[in-house]
Amino acid sequence: LAMLEFQCIREILSDINSIFERDPAARSWLEVILCYPGLHALIMHRISSRLYRWGLPLIPRIMSNFSRFITGCDIHPGARIGKGVFIDHGVGVVIGETAIVGDSCLIYQGVTLGGTGKQSGKRHPTLSSNVVVGAGAKVLGNIHIGSNVRIGAGSVVLRDCPADCTVVGVPGRIVHRSGVKVDPLDHGHLPDSEATVIRILLRRIESLEEMVHAPKARNGSEDAEAAGAVVDAAAAAHDAEMSKGLLEQFFDGAGI
């Protein structure tokens, strides 16, 4: 029992240190302890979670509901949350019974780690270490999110996601950034996969229009040569774009 209490205290201290590392508004320990509802929710959860695993009936759920009333975070006592987790702002965060949150994750307001269907057993997502989940994002079902993944605000993730990438959109699509260390607070540089695909399609339409209008521009043999050159150039440009795999990644969800 003493070891469990010591471990709980270490986890809470790690949560506090994570706040200082990731929130420039945090100025003192007293301010963090008194004024951060995400920290309050985690402290209540770490206590109720231990009671839940000991098989104590009802009390862990009552503590969870009280925490939701005070902090706005709904964390089931059955969820497993690692060390150094920071729930920023906290309002509207929902973490389901079988969810697993790894060490040093950053979760913003309005995030849902939810289940799908009524099946029993593992039905909520697993987040590996150093995952950032943007405001309002939804991660649903028994899926695995790899380490160092960033999930953009408002995204809906429904399938497994490999490590070291960024997920954006509805449904979530990934942009591979393997081996690149990212700043968890740098939300201004999330890729826009829809805009990228639209640009590719517009360039393709322009090349097709050139192919259609080229024969009308010249007469005789020059027409055939010019048309052939335009066709070859358009085909080469199209092949170059397709070789990047951007369209395939977009339509297939880049593996998600």
# chains A, B, ... in the order shown; residues from 1 in each chain; ligands from 1
$ residues_around --residues "Tyr108 of chain A" --least-positions-apart "2" --cutoff "9 Å" --atoms "only C-alpha atoms" --output "PyMOL selection string"
chain A and resi 86-91+93+106+110-111+132-137+153
$ atom_distance --atom1 "atom CA of Ala41 of chain A" --atom2 "atom CA of Thr71 of chain A"
6.2 Å
$ residues_around --residues "Ser104 of chain A" --least-positions-apart "6" --cutoff "12 Å" --atoms "only C-alpha atoms" --output "list in words"
Glu11, Ser14, Asp15, Ile16, Asn17, Ser18, Ile19, Glu21, Arg22, Ile81, Gly82, Lys83, Gly84, Val85, Phe86, Ile87, Leu127, Ser128, Ser129, Asn130, Val131, Val132, Val133, Ser147, Asn148, Val149 and Pro184 of chain A
$ atom_distance --atom1 "atom CA of Leu113 of chain A" --atom2 "atom CA of Val94 of chain A"
6.1 Å
$ atom_distance --atom1 "atom CA of Thr112 of chain A" --atom2 "atom CA of Ala79 of chain A"
12.7 Å
$ select_by_dssp --residues "segment 18-231 of chain A" --states "alpha helix (DSSP H)" --output "VMD selection string"
chain A and resid 18 to 22 29 to 35 37 to 53 59 to 71 193 to 217 220 to 231
$ write_last_selection --atoms "C-alpha atoms" --output "PDB file, in the first residue's frame"
ATOM      1  CA  SER A  18       4.654  18.540 -17.431  1.00  0.00           C
ATOM      2  CA  ILE A  19       2.475  21.619 -16.964  1.00  0.00           C
ATOM      3  CA  PHE A  20       5.516  23.820 -16.383  1.00  0.00           C
ATOM      4  CA  GLU A  21       7.210  22.365 -19.461  1.00  0.00           C
ATOM      5  CA  ARG A  22       4.261  22.885 -21.794  1.00  0.00           C
ATOM      6  CA  TRP A  29       3.515  25.613  -8.076  1.00  0.00           C
ATOM      7  CA  LEU A  30       0.736  27.111  -5.974  1.00  0.00           C
ATOM      8  CA  GLU A  31      -0.999  28.504  -9.039  1.00  0.00           C
ATOM      9  CA  VAL A  32      -0.764  25.172 -10.861  1.00  0.00           C
ATOM     10  CA  ILE A  33      -2.038  23.170  -7.899  1.00  0.00           C
ATOM     11  CA  LEU A  34      -4.977  25.503  -7.248  1.00  0.00           C
ATOM     12  CA  CYS A  35      -5.996  26.709 -10.714  1.00  0.00           C
ATOM     13  CA  PRO A  37      -8.704  21.745 -13.595  1.00  0.00           C
ATOM     14  CA  GLY A  38      -6.909  19.236 -15.815  1.00  0.00           C
ATOM     15  CA  LEU A  39      -4.486  18.522 -12.975  1.00  0.00           C
ATOM     16  CA  HIS A  40      -7.351  18.240 -10.492  1.00  0.00           C
ATOM     17  CA  ALA A  41      -9.054  15.714 -12.798  1.00  0.00           C
ATOM     18  CA  LEU A  42      -5.874  13.643 -13.050  1.00  0.00           C
ATOM     19  CA  ILE A  43      -5.337  13.645  -9.268  1.00  0.00           C
ATOM     20  CA  MET A  44      -8.909  12.498  -8.671  1.00  0.00           C
ATOM     21  CA  HIS A  45      -8.554   9.879 -11.390  1.00  0.00           C
ATOM     22  CA  ARG A  46      -5.309   8.464 -10.021  1.00  0.00           C
ATOM     23  CA  ILE A  47      -7.003   7.920  -6.663  1.00  0.00           C
ATOM     24  CA  SER A  48     -10.280   6.541  -8.040  1.00  0.00           C
ATOM     25  CA  SER A  49      -8.422   4.327 -10.521  1.00  0.00           C
ATOM     26  CA  ARG A  50      -6.558   2.546  -7.741  1.00  0.00           C
ATOM     27  CA  LEU A  51      -9.783   1.979  -5.821  1.00  0.00           C
ATOM     28  CA  TYR A  52     -11.377   0.678  -9.027  1.00  0.00           C
ATOM     29  CA  ARG A  53      -8.576  -1.849  -9.584  1.00  0.00           C
ATOM     30  CA  ILE A  59     -17.043   4.699  -4.730  1.00  0.00           C
ATOM     31  CA  PRO A  60     -14.657   5.086  -7.720  1.00  0.00           C
ATOM     32  CA  ARG A  61     -17.593   6.015  -9.978  1.00  0.00           C
ATOM     33  CA  ILE A  62     -18.890   8.514  -7.424  1.00  0.00           C
ATOM     34  CA  MET A  63     -15.436  10.097  -7.300  1.00  0.00           C
ATOM     35  CA  SER A  64     -15.351  10.195 -11.104  1.00  0.00           C
ATOM     36  CA  ASN A  65     -18.715  11.951 -11.249  1.00  0.00           C
ATOM     37  CA  PHE A  66     -17.663  14.435  -8.588  1.00  0.00           C
ATOM     38  CA  SER A  67     -14.492  15.166 -10.566  1.00  0.00           C
ATOM     39  CA  ARG A  68     -16.564  15.740 -13.710  1.00  0.00           C
ATOM     40  CA  PHE A  69     -18.792  18.184 -11.834  1.00  0.00           C
ATOM     41  CA  ILE A  70     -15.783  20.135 -10.515  1.00  0.00           C
ATOM     42  CA  THR A  71     -13.407  20.031 -13.511  1.00  0.00           C
ATOM     43  CA  SER A 193      -4.043  17.529 -47.215  1.00  0.00           C
ATOM     44  CA  GLU A 194      -7.283  18.661 -48.887  1.00  0.00           C
ATOM     45  CA  ALA A 195      -5.632  21.790 -50.297  1.00  0.00           C
ATOM     46  CA  THR A 196      -2.694  19.727 -51.578  1.00  0.00           C
ATOM     47  CA  VAL A 197      -4.961  17.330 -53.447  1.00  0.00           C
ATOM     48  CA  ILE A 198      -7.044  20.183 -54.880  1.00  0.00           C
ATOM     49  CA  ARG A 199      -3.860  21.815 -56.229  1.00  0.00           C
ATOM     50  CA  ILE A 200      -2.829  18.549 -57.897  1.00  0.00           C
ATOM     51  CA  LEU A 201      -6.247  18.130 -59.503  1.00  0.00           C
ATOM     52  CA  LEU A 202      -6.259  21.742 -60.736  1.00  0.00           C
ATOM     53  CA  ARG A 203      -2.855  21.259 -62.362  1.00  0.00           C
ATOM     54  CA  ARG A 204      -4.145  18.090 -63.975  1.00  0.00           C
ATOM     55  CA  ILE A 205      -7.181  19.944 -65.367  1.00  0.00           C
ATOM     56  CA  GLU A 206      -4.929  22.677 -66.762  1.00  0.00           C
ATOM     57  CA  SER A 207      -2.729  20.123 -68.496  1.00  0.00           C
ATOM     58  CA  LEU A 208      -5.784  18.436 -70.030  1.00  0.00           C
ATOM     59  CA  GLU A 209      -7.057  21.794 -71.277  1.00  0.00           C
ATOM     60  CA  GLU A 210      -3.684  22.431 -72.922  1.00  0.00           C
ATOM     61  CA  MET A 211      -3.918  19.037 -74.601  1.00  0.00           C
ATOM     62  CA  VAL A 212      -7.371  19.906 -75.985  1.00  0.00           C
ATOM     63  CA  HIS A 213      -6.502  23.407 -77.231  1.00  0.00           C
ATOM     64  CA  ALA A 214      -3.004  22.700 -78.567  1.00  0.00           C
ATOM     65  CA  PRO A 215      -4.045  21.308 -81.994  1.00  0.00           C
ATOM     66  CA  LYS A 216      -6.065  24.456 -82.683  1.00  0.00           C
ATOM     67  CA  ALA A 217      -3.086  26.732 -82.155  1.00  0.00           C
ATOM     68  CA  GLY A 220       0.004  21.103 -90.522  1.00  0.00           C
ATOM     69  CA  SER A 221       2.925  19.179 -89.156  1.00  0.00           C
ATOM     70  CA  GLU A 222       3.545  21.818 -86.513  1.00  0.00           C
ATOM     71  CA  ASP A 223       0.171  20.890 -85.040  1.00  0.00           C
ATOM     72  CA  ALA A 224       1.171  17.274 -84.569  1.00  0.00           C
ATOM     73  CA  GLU A 225       4.586  18.140 -83.128  1.00  0.00           C
ATOM     74  CA  ALA A 226       3.192  20.749 -80.771  1.00  0.00           C
ATOM     75  CA  ALA A 227       0.357  18.492 -79.672  1.00  0.00           C
ATOM     76  CA  GLY A 228       2.776  15.630 -79.089  1.00  0.00           C
ATOM     77  CA  ALA A 229       5.086  17.846 -77.045  1.00  0.00           C
ATOM     78  CA  VAL A 230       2.203  19.102 -74.946  1.00  0.00           C
ATOM     79  CA  VAL A 231       0.905  15.563 -74.401  1.00  0.00           C
TER      80      VAL A 231
END
$ select_by_dssp --residues "segment 69-164 of chain A" --states "strand (DSSP E)" --output "CSV table (one decimal) with C-alpha atoms, in the first residue's frame"
chain,number,residue,atom,x,y,z
A,74,ASP,CA,-15.2,12.9,-17.6
A,75,ILE,CA,-12.5,10.2,-17.0
A,80,ARG,CA,-5.1,3.9,-17.5
A,81,ILE,CA,-3.1,7.1,-17.7
A,86,PHE,CA,-1.2,17.3,-19.3
A,87,ILE,CA,-4.9,18.0,-19.9
A,94,VAL,CA,-14.0,12.4,-22.2
A,95,ILE,CA,-11.8,9.3,-21.6
A,100,ILE,CA,-4.9,3.8,-22.3
A,101,VAL,CA,-3.0,7.1,-22.3
A,106,LEU,CA,-0.9,16.4,-24.2
A,107,ILE,CA,-4.7,16.5,-24.4
A,112,THR,CA,-13.0,12.3,-26.7
A,113,LEU,CA,-11.2,9.0,-26.4
A,114,GLY,CA,-14.4,7.0,-26.9
A,126,THR,CA,-4.6,3.4,-26.9
A,127,LEU,CA,-2.3,6.4,-27.0
A,132,VAL,CA,-0.7,15.4,-28.8
A,133,VAL,CA,-4.5,15.5,-29.3
A,138,LYS,CA,-12.2,12.5,-31.5
A,139,VAL,CA,-10.3,9.2,-31.3
A,140,LEU,CA,-12.8,6.4,-31.4
A,144,HIS,CA,-3.6,2.3,-31.5
A,145,ILE,CA,-2.0,5.7,-31.9
A,150,ARG,CA,0.0,14.9,-33.4
A,151,ILE,CA,-3.8,14.8,-34.0
A,156,VAL,CA,-11.8,12.3,-36.2
A,157,VAL,CA,-9.5,9.3,-36.0
